[in-house]
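Okay, entry30.cif now, which holds mmCIF, C-alpha atoms:
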```cif
data_start
#
loop_
_atom_site.group_PDB
_atom_site.id
_atom_site.type_symbol
_atom_site.label_atom_id
_atom_site.label_comp_id
_atom_site.auth_asym_id
_atom_site.auth_seq_id
_atom_site.Cartn_x
_atom_site.Cartn_y
_atom_site.Cartn_z
ATOM 1 C CA MET A 1 43.169 -10.041 39.606
ATOM 2 C CA ARG A 2 44.237 -13.667 39.394
ATOM 3 C CA GLN A 3 43.469 -15.660 36.269
ATOM 4 C CA ILE A 4 44.721 -18.920 37.808
ATOM 5 C CA LEU A 5 43.716 -19.287 41.447
ATOM 6 C CA PHE A 6 45.899 -22.317 42.095
ATOM 7 C CA THR A 7 47.188 -25.496 40.490
ATOM 8 C CA ILE A 8 46.263 -28.955 41.757
ATOM 9 C CA PRO A 9 49.507 -30.783 42.625
ATOM 10 C CA VAL A 10 50.442 -34.024 40.846
ATOM 11 C CA LEU A 11 47.771 -33.481 38.206
ATOM 12 C CA ASN A 12 49.274 -30.091 37.404
ATOM 13 C CA LEU A 13 45.709 -28.932 36.740
ATOM 14 C CA PRO A 14 45.154 -25.155 36.856
ATOM 15 C CA ILE A 15 41.969 -23.871 38.490
ATOM 16 C CA TYR A 16 40.939 -20.693 36.727
ATOM 17 C CA GLY A 17 39.444 -17.868 38.758
ATOM 18 C CA TYR A 18 36.831 -17.171 36.111
ATOM 19 C CA GLY A 19 35.657 -20.783 35.992
ATOM 20 C CA ALA A 20 35.632 -21.060 39.776
ATOM 21 C CA MET A 21 33.386 -17.983 40.033
ATOM 22 C CA LEU A 22 31.023 -19.450 37.425
ATOM 23 C CA VAL A 23 30.721 -22.586 39.556
ATOM 24 C CA LEU A 24 29.976 -20.448 42.626
ATOM 25 C CA ALA A 25 27.449 -18.445 40.610
ATOM 26 C CA PHE A 26 25.639 -21.617 39.556
ATOM 27 C CA ALA A 27 25.654 -23.184 43.033
ATOM 28 C CA SER A 28 24.611 -20.059 44.944
ATOM 29 C CA SER A 29 21.881 -19.042 42.508
ATOM 30 C CA THR A 30 20.429 -22.559 42.426
ATOM 31 C CA LEU A 31 20.379 -22.951 46.203
ATOM 32 C CA LEU A 32 18.878 -19.503 46.703
ATOM 33 C CA ALA A 33 16.160 -20.131 44.102
ATOM 34 C CA ALA A 34 15.293 -23.513 45.648
ATOM 35 C CA TRP A 35 15.108 -21.953 49.126
ATOM 36 C CA ARG A 36 12.914 -19.149 47.844
ATOM 37 C CA ALA A 37 10.692 -21.586 45.948
ATOM 38 C CA LYS A 38 10.087 -23.638 49.088
ATOM 39 C CA ARG A 39 9.132 -20.499 51.031
ATOM 40 C CA GLU A 40 6.673 -19.511 48.314
ATOM 41 C CA LYS A 41 4.955 -22.944 48.170
ATOM 42 C CA LEU A 42 6.663 -23.785 44.889
ATOM 43 C CA ASP A 43 8.483 -27.015 44.099
ATOM 44 C CA PRO A 44 12.214 -26.723 44.918
ATOM 45 C CA GLU A 45 12.883 -29.985 43.063
ATOM 46 C CA LEU A 46 11.656 -28.343 39.878
ATOM 47 C CA VAL A 47 14.174 -25.544 40.466
ATOM 48 C CA PHE A 48 17.013 -28.043 40.835
ATOM 49 C CA ASP A 49 15.861 -29.833 37.674
ATOM 50 C CA MET A 50 15.567 -26.575 35.740
ATOM 51 C CA ALA A 51 18.826 -25.071 36.995
ATOM 52 C CA PHE A 52 21.128 -27.013 34.690
ATOM 53 C CA TRP A 53 19.104 -26.087 31.624
ATOM 54 C CA LEU A 54 19.014 -22.415 32.579
ATOM 55 C CA PHE A 55 22.745 -22.367 33.263
ATOM 56 C CA ALA A 56 23.572 -24.208 30.032
ATOM 57 C CA GLY A 57 21.255 -21.990 27.988
ATOM 58 C CA GLY A 58 22.628 -18.849 29.606
ATOM 59 C CA LEU A 59 26.241 -19.887 29.110
ATOM 60 C CA PHE A 60 25.614 -20.827 25.480
ATOM 61 C CA GLY A 61 23.809 -17.563 24.785
ATOM 62 C CA ALA A 62 26.502 -15.505 26.517
ATOM 63 C CA ARG A 63 29.280 -17.185 24.565
ATOM 64 C CA LEU A 64 27.417 -17.022 21.252
ATOM 65 C CA PHE A 65 26.790 -13.298 21.713
ATOM 66 C CA TYR A 66 30.494 -12.756 22.448
ATOM 67 C CA VAL A 67 31.643 -14.799 19.449
ATOM 68 C CA VAL A 68 29.324 -12.886 17.116
ATOM 69 C CA GLN A 69 30.361 -9.532 18.581
ATOM 70 C CA TYR A 70 34.099 -10.314 18.430
ATOM 71 C CA ARG A 71 34.100 -12.817 15.570
ATOM 72 C CA ASP A 72 37.364 -11.485 14.103
ATOM 73 C CA GLY A 73 39.219 -12.879 17.115
ATOM 74 C CA PHE A 74 38.075 -16.481 16.575
ATOM 75 C CA HIS A 75 39.907 -18.702 14.130
ATOM 76 C CA SER A 76 38.684 -22.191 15.041
ATOM 77 C CA PRO A 77 35.265 -23.633 15.968
ATOM 78 C CA LEU A 78 36.926 -25.139 19.048
ATOM 79 C CA ASP A 79 37.637 -21.625 20.349
ATOM 80 C CA PHE A 80 33.921 -21.349 21.107
ATOM 81 C CA PHE A 81 34.269 -23.828 23.982
ATOM 82 C CA LYS A 82 37.234 -22.185 25.743
ATOM 83 C CA PHE A 83 35.074 -20.658 28.456
ATOM 84 C CA TRP A 84 37.913 -20.704 30.982
ATOM 85 C CA ASN A 85 39.570 -17.878 29.051
ATOM 86 C CA GLY A 86 36.571 -15.640 29.628
ATOM 87 C CA GLY A 87 34.666 -14.091 26.792
ATOM 88 C CA ILE A 88 30.959 -14.102 27.511
ATOM 89 C CA VAL A 89 28.409 -11.300 27.241
ATOM 90 C CA TYR A 90 25.962 -10.789 30.094
ATOM 91 C CA TYR A 91 22.966 -9.863 27.980
ATOM 92 C CA GLY A 92 23.583 -12.868 25.749
ATOM 93 C CA GLY A 93 23.380 -14.996 28.898
ATOM 94 C CA ILE A 94 20.074 -13.371 29.841
ATOM 95 C CA PHE A 95 18.593 -14.062 26.410
ATOM 96 C CA GLY A 96 19.880 -17.634 26.427
ATOM 97 C CA GLY A 97 18.578 -18.239 29.949
ATOM 98 C CA VAL A 98 15.139 -16.829 29.118
ATOM 99 C CA ALA A 99 14.933 -19.036 26.029
ATOM 100 C CA ALA A 100 15.908 -22.096 28.098
ATOM 101 C CA PHE A 101 13.308 -21.156 30.750
ATOM 102 C CA PHE A 102 10.432 -21.154 28.291
ATOM 103 C CA ILE A 103 11.637 -24.238 26.420
ATOM 104 C CA TYR A 104 11.830 -26.112 29.718
ATOM 105 C CA ARG A 105 8.367 -24.923 30.696
ATOM 106 C CA LYS A 106 6.896 -26.172 27.407
ATOM 107 C CA PHE A 107 7.734 -29.725 28.480
ATOM 108 C CA ASN A 108 7.247 -29.179 32.229
ATOM 109 C CA PRO A 109 4.289 -26.817 32.776
ATOM 110 C CA PHE A 110 4.408 -24.606 35.870
ATOM 111 C CA PRO A 111 3.101 -21.134 36.849
ATOM 112 C CA ILE A 112 5.409 -18.662 35.115
ATOM 113 C CA ARG A 113 5.289 -15.496 37.219
ATOM 114 C CA PRO A 114 5.759 -17.105 40.668
ATOM 115 C CA TYR A 115 8.838 -18.971 39.451
ATOM 116 C CA LEU A 116 10.252 -15.886 37.714
ATOM 117 C CA ASP A 117 9.955 -14.020 41.006
ATOM 118 C CA ALA A 118 11.716 -16.851 42.821
ATOM 119 C CA LEU A 119 14.526 -16.769 40.247
ATOM 120 C CA ALA A 120 14.995 -12.965 40.226
ATOM 121 C CA PRO A 121 17.240 -12.690 43.339
ATOM 122 C CA SER A 122 19.225 -15.667 42.039
ATOM 123 C CA ILE A 123 20.005 -13.743 38.859
ATOM 124 C CA ALA A 124 21.468 -11.010 41.052
ATOM 125 C CA ILE A 125 23.648 -13.324 43.134
ATOM 126 C CA GLY A 126 24.786 -15.164 40.008
ATOM 127 C CA THR A 127 25.752 -11.822 38.499
ATOM 128 C CA LEU A 128 27.683 -10.946 41.659
ATOM 129 C CA PHE A 129 29.959 -13.981 41.422
ATOM 130 C CA GLY A 130 30.139 -13.742 37.641
ATOM 131 C CA ARG A 131 31.469 -10.180 37.833
ATOM 132 C CA LEU A 132 34.026 -11.197 40.447
ATOM 133 C CA GLY A 133 35.127 -13.774 37.886
ATOM 134 C CA CYS A 134 35.456 -10.992 35.318
ATOM 135 C CA PHE A 135 37.737 -9.115 37.705
ATOM 136 C CA LEU A 136 39.922 -12.163 38.306
ATOM 137 C CA ASN A 137 40.124 -12.734 34.545
ATOM 138 C CA GLY A 138 40.671 -9.108 33.553
ATOM 139 C CA CYS A 139 37.799 -8.871 31.067
ATOM 140 C CA CYS A 140 34.981 -6.274 31.014
ATOM 141 C CA PHE A 141 37.530 -3.647 32.041
ATOM 142 C CA GLY A 142 37.021 0.043 32.570
ATOM 143 C CA ASP A 143 38.379 3.298 31.237
ATOM 144 C CA LEU A 144 41.392 5.179 32.582
ATOM 145 C CA CYS A 145 40.956 6.094 36.224
ATOM 146 C CA HIS A 146 42.689 9.041 37.880
ATOM 147 C CA THR A 147 41.527 8.336 41.427
ATOM 148 C CA ALA A 148 42.615 5.943 44.164
ATOM 149 C CA LEU A 149 40.077 3.428 42.853
ATOM 150 C CA GLY A 150 42.230 2.702 39.800
ATOM 151 C CA VAL A 151 43.453 -0.876 39.291
ATOM 152 C CA ARG A 152 46.456 -1.938 37.187
ATOM 153 C CA PHE A 153 46.110 -5.198 35.260
ATOM 154 C CA PRO A 154 49.285 -7.199 34.604
ATOM 155 C CA LYS A 155 50.753 -8.326 31.332
ATOM 156 C CA PRO A 156 49.349 -10.040 29.208
ATOM 157 C CA THR A 157 45.705 -9.475 30.223
ATOM 158 C CA ASP A 158 43.111 -7.882 27.941
ATOM 159 C CA PRO A 159 43.412 -4.387 29.487
ATOM 160 C CA TRP A 160 47.190 -4.455 29.092
ATOM 161 C CA ALA A 161 46.902 -5.695 25.489
ATOM 162 C CA SER A 162 44.310 -3.035 24.674
ATOM 163 C CA GLN A 163 46.552 -0.243 25.945
ATOM 164 C CA VAL A 164 49.524 -1.613 23.994
ATOM 165 C CA ARG A 165 47.441 -1.659 20.799
ATOM 166 C CA ASN A 166 46.308 1.909 21.402
ATOM 167 C CA GLY A 167 49.836 3.114 22.082
ATOM 168 C CA LEU A 168 49.128 4.085 25.698
ATOM 169 C CA ILE A 169 51.894 1.883 27.065
ATOM 170 C CA PRO A 170 54.918 0.182 25.480
ATOM 171 C CA PRO A 171 54.985 -3.603 24.983
ATOM 172 C CA SER A 172 57.672 -3.775 27.655
ATOM 173 C CA ALA A 173 55.274 -2.462 30.328
ATOM 174 C CA GLU A 174 54.556 -4.983 33.065
ATOM 175 C CA SER A 175 51.056 -3.666 33.775
ATOM 176 C CA SER A 176 48.358 -1.430 32.389
ATOM 177 C CA LEU A 177 47.642 2.140 33.395
ATOM 178 C CA PRO A 178 45.132 2.442 36.284
ATOM 179 C CA LEU A 179 41.592 1.598 35.165
ATOM 180 C CA HIS A 180 38.148 1.828 36.687
ATOM 181 C CA PRO A 181 37.421 -1.608 38.245
ATOM 182 C CA THR A 182 34.072 -1.796 36.456
ATOM 183 C CA GLN A 183 33.862 -5.497 37.269
ATOM 184 C CA LEU A 184 33.770 -4.614 40.966
ATOM 185 C CA TYR A 185 31.311 -1.791 40.319
ATOM 186 C CA SER A 186 29.059 -4.353 38.628
ATOM 187 C CA ALA A 187 29.515 -6.842 41.474
ATOM 188 C CA LEU A 188 28.543 -4.161 43.997
ATOM 189 C CA ASP A 189 25.566 -3.265 41.805
ATOM 190 C CA ALA A 190 24.487 -6.925 41.822
ATOM 191 C CA LEU A 191 24.759 -7.030 45.618
ATOM 192 C CA VAL A 192 22.539 -3.943 45.927
ATOM 193 C CA LEU A 193 20.025 -5.500 43.526
ATOM 194 C CA LEU A 194 20.041 -8.703 45.579
ATOM 195 C CA VAL A 195 19.200 -6.742 48.733
ATOM 196 C CA LEU A 196 16.558 -4.694 46.889
ATOM 197 C CA LEU A 197 14.807 -7.723 45.391
ATOM 198 C CA SER A 198 14.899 -9.644 48.668
ATOM 199 C CA ALA A 199 13.428 -6.658 50.535
ATOM 200 C CA TYR A 200 10.713 -6.141 47.919
ATOM 201 C CA PHE A 201 9.652 -9.807 47.881
ATOM 202 C CA PRO A 202 7.245 -9.685 50.861
ATOM 203 C CA MET A 203 5.823 -6.350 49.666
ATOM 204 C CA ARG A 204 4.818 -7.508 46.185
ATOM 205 C CA ARG A 205 1.096 -7.241 45.502
ATOM 206 C CA ARG A 206 0.994 -9.761 42.678
ATOM 207 C CA ASP A 207 3.241 -12.422 41.211
ATOM 208 C CA GLY A 208 5.660 -11.094 38.632
ATOM 209 C CA GLU A 209 6.517 -7.826 40.350
ATOM 210 C CA VAL A 210 9.911 -8.935 41.676
ATOM 211 C CA ILE A 211 11.211 -9.873 38.237
ATOM 212 C CA GLY A 212 9.654 -6.614 37.030
ATOM 213 C CA VAL A 213 11.757 -4.625 39.509
ATOM 214 C CA LEU A 214 14.869 -6.368 38.200
ATOM 215 C CA MET A 215 13.842 -5.602 34.607
ATOM 216 C CA ILE A 216 13.842 -1.897 35.459
ATOM 217 C CA ALA A 217 16.727 -1.611 37.923
ATOM 218 C CA TYR A 218 19.405 -3.604 36.109
ATOM 219 C CA PRO A 219 19.214 -1.868 32.703
ATOM 220 C CA ILE A 220 19.467 1.533 34.409
ATOM 221 C CA THR A 221 22.541 0.638 36.448
ATOM 222 C CA ARG A 222 24.130 -1.201 33.521
ATOM 223 C CA PHE A 223 23.567 1.817 31.271
ATOM 224 C CA LEU A 224 25.384 4.053 33.773
ATOM 225 C CA ILE A 225 28.294 1.663 34.400
ATOM 226 C CA GLU A 226 28.898 1.479 30.642
ATOM 227 C CA TYR A 227 30.073 5.100 30.734
ATOM 228 C CA VAL A 228 33.241 4.051 32.571
ATOM 229 C CA ARG A 229 33.814 0.814 30.673
ATOM 230 C CA ASN A 230 36.296 0.696 27.832
ATOM 231 C CA ASP A 231 35.921 -2.737 26.244
ATOM 232 C CA GLU A 232 33.029 -1.878 23.908
ATOM 233 C CA GLY A 233 32.880 0.682 21.116
ATOM 234 C CA ILE A 234 29.976 2.827 20.004
ATOM 235 C CA PHE A 235 27.184 0.740 18.496
ATOM 236 C CA PHE A 236 24.198 3.006 17.923
ATOM 237 C CA ALA A 237 23.328 6.666 18.542
ATOM 238 C CA GLY A 238 26.438 7.227 20.647
ATOM 239 C CA MET A 239 25.685 4.201 22.837
ATOM 240 C CA THR A 240 27.476 0.885 23.275
ATOM 241 C CA ILE A 241 25.671 -2.306 22.359
ATOM 242 C CA SER A 242 24.938 -2.985 26.045
ATOM 243 C CA GLN A 243 23.487 0.508 26.501
ATOM 244 C CA THR A 244 21.351 0.008 23.409
ATOM 245 C CA ILE A 245 20.027 -3.288 24.757
ATOM 246 C CA SER A 246 19.435 -1.637 28.146
ATOM 247 C CA VAL A 247 17.208 0.982 26.542
ATOM 248 C CA GLY A 248 15.291 -1.738 24.717
ATOM 249 C CA LEU A 249 14.841 -3.727 27.921
ATOM 250 C CA LEU A 250 13.585 -0.638 29.752
ATOM 251 C CA ALA A 251 10.944 -0.201 27.072
ATOM 252 C CA CYS A 252 9.983 -3.862 27.438
ATOM 253 C CA ALA A 253 9.870 -3.433 31.230
ATOM 254 C CA GLY A 254 7.473 -0.522 30.861
ATOM 255 C CA ALA A 255 5.179 -2.607 28.651
ATOM 256 C CA TYR A 256 5.453 -5.524 31.074
ATOM 257 C CA TRP A 257 4.483 -3.395 34.075
ATOM 258 C CA TRP A 258 1.506 -1.982 32.180
ATOM 259 C CA TRP A 259 0.365 -5.526 31.376
ATOM 260 C CA LEU A 260 1.026 -6.629 34.962
ATOM 261 C CA SER A 261 -1.159 -3.799 36.278
ATOM 262 C CA THR A 262 -4.105 -5.407 34.497
ATOM 263 C CA ARG A 263 -3.635 -8.679 36.399
ATOM 264 C CA PRO A 264 -5.527 -9.316 39.656
ATOM 265 C CA MET A 265 -3.698 -8.646 42.906
ATOM 266 C CA SER A 266 -3.021 -12.199 43.984
ATOM 267 C CA ARG A 267 0.016 -14.216 44.949
ATOM 268 C CA TYR A 268 0.557 -17.924 44.497
ATOM 269 C CA ALA A 269 2.004 -18.179 47.998
ATOM 270 C CA ASP A 270 -1.259 -16.865 49.476
ATOM 271 C CA LEU A 271 -3.414 -19.566 47.893
ATOM 272 C CA PRO A 272 -4.635 -22.333 50.238
ATOM 273 C CA LEU A 273 -2.764 -25.611 50.069
ATOM 274 C CA ALA A 274 -4.358 -28.426 48.122
ATOM 275 C CA PRO A 275 -5.647 -31.272 50.355
ATOM 276 C CA ALA A 276 -2.724 -33.508 49.333
ATOM 277 C CA GLU A 277 -0.268 -30.759 50.312
ATOM 278 C CA ALA A 278 -1.836 -29.738 53.600
ATOM 279 C CA PRO A 279 -0.030 -30.931 56.716
ATOM 280 C CA GLU A 280 -1.687 -33.714 58.674
ATOM 281 C CA PRO A 281 -3.324 -32.575 61.934
ATOM 282 C CA ALA A 282 -1.268 -33.221 65.027
ATOM 283 C CA ALA A 283 -2.435 -36.057 67.254
ATOM 284 C CA SER A 284 -4.553 -34.817 70.151
ATOM 285 C CA ALA A 285 -3.023 -35.054 73.585
ATOM 286 C CA SER A 286 -4.333 -37.960 75.670
#
```
Since I need it in another form, could you write the structure as C-alpha cells?
Amino acid sequence: MRQILFTIPVLNLPIYGYGAMLVLAFASSTLLAAWRAKREKLDPELVFDMAFWLFAGGLFGARLFYVVQYRDGFHSPLDFFKFWNGGIVYYGGIFGGVAAFFIYRKFNPFPIRPYLDALAPSIAIGTLFGRLGCFLNGCCFGDLCHTALGVRFPKPTDPWASQVRNGLIPPSAESSLPLHPTQLYSALDALVLLVLLSAYFPMRRRDGEVIGVLMIAYPITRFLIEYVRNDEGIFFAGMTISQTISVGLLACAGAYWWWLSTRPMSRYADLPLAPAEAPEPAASAS
C-alpha cells in the first residue's frame, strides 16, 4: 500500500493514492460509458454531461453513508470534505449515484434502460480503480490471514490502528499482522464483473438486462467477500451492514427482473435511425 504516491517538487504537494485512483475511476468509467453509448446509438455527449453529476452524487452519498456509520470519529463539519484520507462506503455511492441519475433525467429526459445498460460496465471499472485506491489507502481491510496471500499494513494505517486497539499487536509494532487483501479481492471481482457485463451486452434480449445482471452479481460477490473483511461489525441477523444491504438489493433485483420480463423484447440500438440521424448516401461513381 502507498497512501502518498509522490510529492510534486517545489509545491511540496502530496498526491494521494486514494485520490489518484478516484480520478482514474472517474475518467475510465466516463470514457467507457461514452464509447458504449455511441455504439448503442445513444448520445455520448449526454454521458459526458451527466458524468460529473453522477460522480458528485456518488461521492457525496458514499461519504455521507460513512460519516453516519462512523459518526463518533468525526469532530468537525470540515472533516466531511477530507476525501483524500479515505472514508467512503460503496453502497452509499451507489445510492447517491442513482439519486443523481434520476434527478438529472428529470431535467434532461432520455430513455432510462438503454442508458443504464451503457453505464453498467462503467460501474464495474470505476469499482476496480476505487478498490485499488482502498488498498493504497489501507481502508476496507480484511481479517487475519494465515496463507501466503496475507498483507501487512504499516503504522499508522487503519488496519494497524485496529489491531493495536484490539490488543493484537503492541503500539511499538511497525506493521499489522497479515490480513486478507479484501481490497484486491474486490478489485478482481470488479474486473470479472466488467468482463461478464461486456460479454453479456450483445446477448441481451431487451434493454435493462445488463444493469439487471449487475444488480444480481455484485450483491452476491459482495456478500461473500464480507466474510473475510474485518472493518465492519455485525449489523443485523449476524450480517454486516453491507451484507444486509446486499440481501435487500438481491430482493430488489428479483422484482426488477420479474418486471423486466413483462417488457417487450426490443433494444434501442436495433431501432431504425431517424431521418435526421441517418447517414447521407454516398455519391454515385461517375
- Go through the shown structure with the PyMOL selection byres ((chain A and resi 11-21) around 10) and write out the matching residues as a PyMOL selection string. chain A and resi 1-10+22-27+83-86+126-139
- Query: What residues come out when you apply the PyMOL selection byres ((chain A and resi 106-111) around 10) to this file, written as a list of chain:residue names?
  - Reply: A:Leu42, A:Asp43, A:Leu46, A:Met50, A:Ala100, A:Phe101, A:Phe102, A:Ile103, A:Tyr104, A:Arg105, A:Ile112, A:Arg113, A:Pro114, A:Tyr115, A:Leu116, A:Asp207, A:Tyr268
- Message: Can you tell me which residues surround Thr182 in chain A at a distance of at most 7 Å, considering all atoms listed in the file, apart from same-chain residues fewer than 6 positions away, and format the answer as an MDAnalysis selection string?
- Response: chainID A and resid 141:142 229
Next, dump the selected residues to file, keeping only C-alpha atoms, as an mmCIF file, keeping the file's coordinate frame.
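Heads up, here's the output in out-v7.cif:
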```
data_model
loop_
_atom_site.group_PDB
_atom_site.id
_atom_site.type_symbol
_atom_site.label_atom_id
_atom_site.label_comp_id
_atom_site.auth_asym_id
_atom_site.auth_seq_id
_atom_site.Cartn_x
_atom_site.Cartn_y
_atom_site.Cartn_z
ATOM 1 C CA PHE A 141 37.530 -3.647 32.041
ATOM 2 C CA GLY A 142 37.021 0.043 32.570
ATOM 3 C CA ARG A 229 33.814 0.814 30.673
#
```
Resolved residues for the PyMOL selection byres ((chain A and resi 158) around 10) as an mmCIF file with C-alpha atoms, keeping the file's coordinate frame:
```cif
data_model
loop_
_atom_site.group_PDB
_atom_site.id
_atom_site.type_symbol
_atom_site.label_atom_id
_atom_site.label_comp_id
_atom_site.auth_asym_id
_atom_site.auth_seq_id
_atom_site.Cartn_x
_atom_site.Cartn_y
_atom_site.Cartn_z
ATOM 1 C CA ASN A 137 40.124 -12.734 34.545
ATOM 2 C CA GLY A 138 40.671 -9.108 33.553
ATOM 3 C CA CYS A 139 37.799 -8.871 31.067
ATOM 4 C CA CYS A 140 34.981 -6.274 31.014
ATOM 5 C CA PHE A 141 37.530 -3.647 32.041
ATOM 6 C CA PHE A 153 46.110 -5.198 35.260
ATOM 7 C CA PRO A 154 49.285 -7.199 34.604
ATOM 8 C CA LYS A 155 50.753 -8.326 31.332
ATOM 9 C CA PRO A 156 49.349 -10.040 29.208
ATOM 10 C CA THR A 157 45.705 -9.475 30.223
ATOM 11 C CA PRO A 159 43.412 -4.387 29.487
ATOM 12 C CA TRP A 160 47.190 -4.455 29.092
ATOM 13 C CA ALA A 161 46.902 -5.695 25.489
ATOM 14 C CA SER A 162 44.310 -3.035 24.674
ATOM 15 C CA GLN A 163 46.552 -0.243 25.945
ATOM 16 C CA VAL A 164 49.524 -1.613 23.994
ATOM 17 C CA SER A 176 48.358 -1.430 32.389
ATOM 18 C CA ASP A 231 35.921 -2.737 26.244
#
```
List the neighbours of Thr221 in chain A out to 12 Å using all atoms listed in the file; skip same-chain residues closer than 5 positions along the sequence, and give me the result as a short mmCIF file (atom, residue, chain, number, x, y, z; two decimals) with C-alpha atoms, in the coordinates of the input.
```
data_model
loop_
_atom_site.label_atom_id
_atom_site.label_comp_id
_atom_site.auth_asym_id
_atom_site.auth_seq_id
_atom_site.Cartn_x
_atom_site.Cartn_y
_atom_site.Cartn_z
CA THR A 182 34.07 -1.80 36.46
CA TYR A 185 31.31 -1.79 40.32
CA SER A 186 29.06 -4.35 38.63
CA ALA A 187 29.52 -6.84 41.47
CA LEU A 188 28.54 -4.16 44.00
CA ASP A 189 25.57 -3.26 41.80
CA ALA A 190 24.49 -6.92 41.82
CA VAL A 192 22.54 -3.94 45.93
CA LEU A 193 20.02 -5.50 43.53
CA LEU A 214 14.87 -6.37 38.20
CA MET A 215 13.84 -5.60 34.61
CA ILE A 216 13.84 -1.90 35.46
CA GLU A 226 28.90 1.48 30.64
CA TYR A 227 30.07 5.10 30.73
CA VAL A 228 33.24 4.05 32.57
CA SER A 242 24.94 -2.98 26.04
CA GLN A 243 23.49 0.51 26.50
CA SER A 246 19.43 -1.64 28.15
CA VAL A 247 17.21 0.98 26.54
CA LEU A 250 13.58 -0.64 29.75
#
```
- In Å, rounded to a single decimal, give me how far CA of Ala199 in chain A is from CA of Arg36 in chain A.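 One can read the CA of Arg36 in chain A to CA of Ala199 in chain A distance as 12.8 Å.
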- Item | Distance query Ile94 in chain A at most 12 Å, all atoms listed in the file, self and fewer than 3 positions along chain excluded, as a PyMOL selection string | chain A and resi 54-65+88-91+97-101+120+123-124+126-127+215+218-219+245-246+249
So that I have them on file, write out the residues from the current selection with C-alpha atoms, as a PDB file, in the frame of the given file.
```pdb
ATOM      1  CA  LEU A  54      19.014 -22.415  32.579  1.00  0.00           C
ATOM      2  CA  PHE A  55      22.745 -22.367  33.263  1.00  0.00           C
ATOM      3  CA  ALA A  56      23.572 -24.208  30.032  1.00  0.00           C
ATOM      4  CA  GLY A  57      21.255 -21.990  27.988  1.00  0.00           C
ATOM      5  CA  GLY A  58      22.628 -18.849  29.606  1.00  0.00           C
ATOM      6  CA  LEU A  59      26.241 -19.887  29.110  1.00  0.00           C
ATOM      7  CA  PHE A  60      25.614 -20.827  25.480  1.00  0.00           C
ATOM      8  CA  GLY A  61      23.809 -17.563  24.785  1.00  0.00           C
ATOM      9  CA  ALA A  62      26.502 -15.505  26.517  1.00  0.00           C
ATOM     10  CA  ARG A  63      29.280 -17.185  24.565  1.00  0.00           C
ATOM     11  CA  LEU A  64      27.417 -17.022  21.252  1.00  0.00           C
ATOM     12  CA  PHE A  65      26.790 -13.298  21.713  1.00  0.00           C
ATOM     13  CA  ILE A  88      30.959 -14.102  27.511  1.00  0.00           C
ATOM     14  CA  VAL A  89      28.409 -11.300  27.241  1.00  0.00           C
ATOM     15  CA  TYR A  90      25.962 -10.789  30.094  1.00  0.00           C
ATOM     16  CA  TYR A  91      22.966  -9.863  27.980  1.00  0.00           C
ATOM     17  CA  GLY A  97      18.578 -18.239  29.949  1.00  0.00           C
ATOM     18  CA  VAL A  98      15.139 -16.829  29.118  1.00  0.00           C
ATOM     19  CA  ALA A  99      14.933 -19.036  26.029  1.00  0.00           C
ATOM     20  CA  ALA A 100      15.908 -22.096  28.098  1.00  0.00           C
ATOM     21  CA  PHE A 101      13.308 -21.156  30.750  1.00  0.00           C
ATOM     22  CA  ALA A 120      14.995 -12.965  40.226  1.00  0.00           C
ATOM     23  CA  ILE A 123      20.005 -13.743  38.859  1.00  0.00           C
ATOM     24  CA  ALA A 124      21.468 -11.010  41.052  1.00  0.00           C
ATOM     25  CA  GLY A 126      24.786 -15.164  40.008  1.00  0.00           C
ATOM     26  CA  THR A 127      25.752 -11.822  38.499  1.00  0.00           C
ATOM     27  CA  MET A 215      13.842  -5.602  34.607  1.00  0.00           C
ATOM     28  CA  TYR A 218      19.405  -3.604  36.109  1.00  0.00           C
ATOM     29  CA  PRO A 219      19.214  -1.868  32.703  1.00  0.00           C
ATOM     30  CA  ILE A 245      20.027  -3.288  24.757  1.00  0.00           C
ATOM     31  CA  SER A 246      19.435  -1.637  28.146  1.00  0.00           C
ATOM     32  CA  LEU A 249      14.841  -3.727  27.921  1.00  0.00           C
TER      33      LEU A 249
END
```
- Pairwise distance for CA of Pro170 in chain A and CA of Ile234 in chain A, rounded to one decimal in Å: 25.7 Å
- Distance in Å - CA of Ala51 in chain A versus CA of Gly92 in chain A: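 So the two atoms, CA of Ala51 in chain A and CA of Gly92 in chain A, lie 17.3 Å apart.
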The centre and edge lengths of an axis-aligned box containing all atoms of range 178-195 of chain A present in the file, extended by 4 Å on each side, are to be given in Å to one decimal, as lines of an AutoDock Vina configuration file.
```
center_x = 32.2
center_y = -3.1
center_z = 41.9
size_x = 33.9
size_y = 19.1
size_z = 21.6
```
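Using only C-alpha atoms, the shortest contact distance between Ala255 in chain A and any of A:His180, A:Asp143, A:Gly93, A:Gly212 is found at A:Gly212.
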- Nearest-residue call for Ala217 in chain A, choices A:Val67, A:Pro264, A:Thr244, A:Leu197, using all atoms listed in the file: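 With all atoms listed in the file as the atom set, the closest residue is A:Leu197.
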- Message: Can you tell me which residues surround Ser266 in chain A at a distance of at most 8 Å, considering all atoms listed in the file, apart from same-chain residues fewer than 3 positions away, and format the answer as a ChimeraX atom specification?
- Response: /A:205-207,270
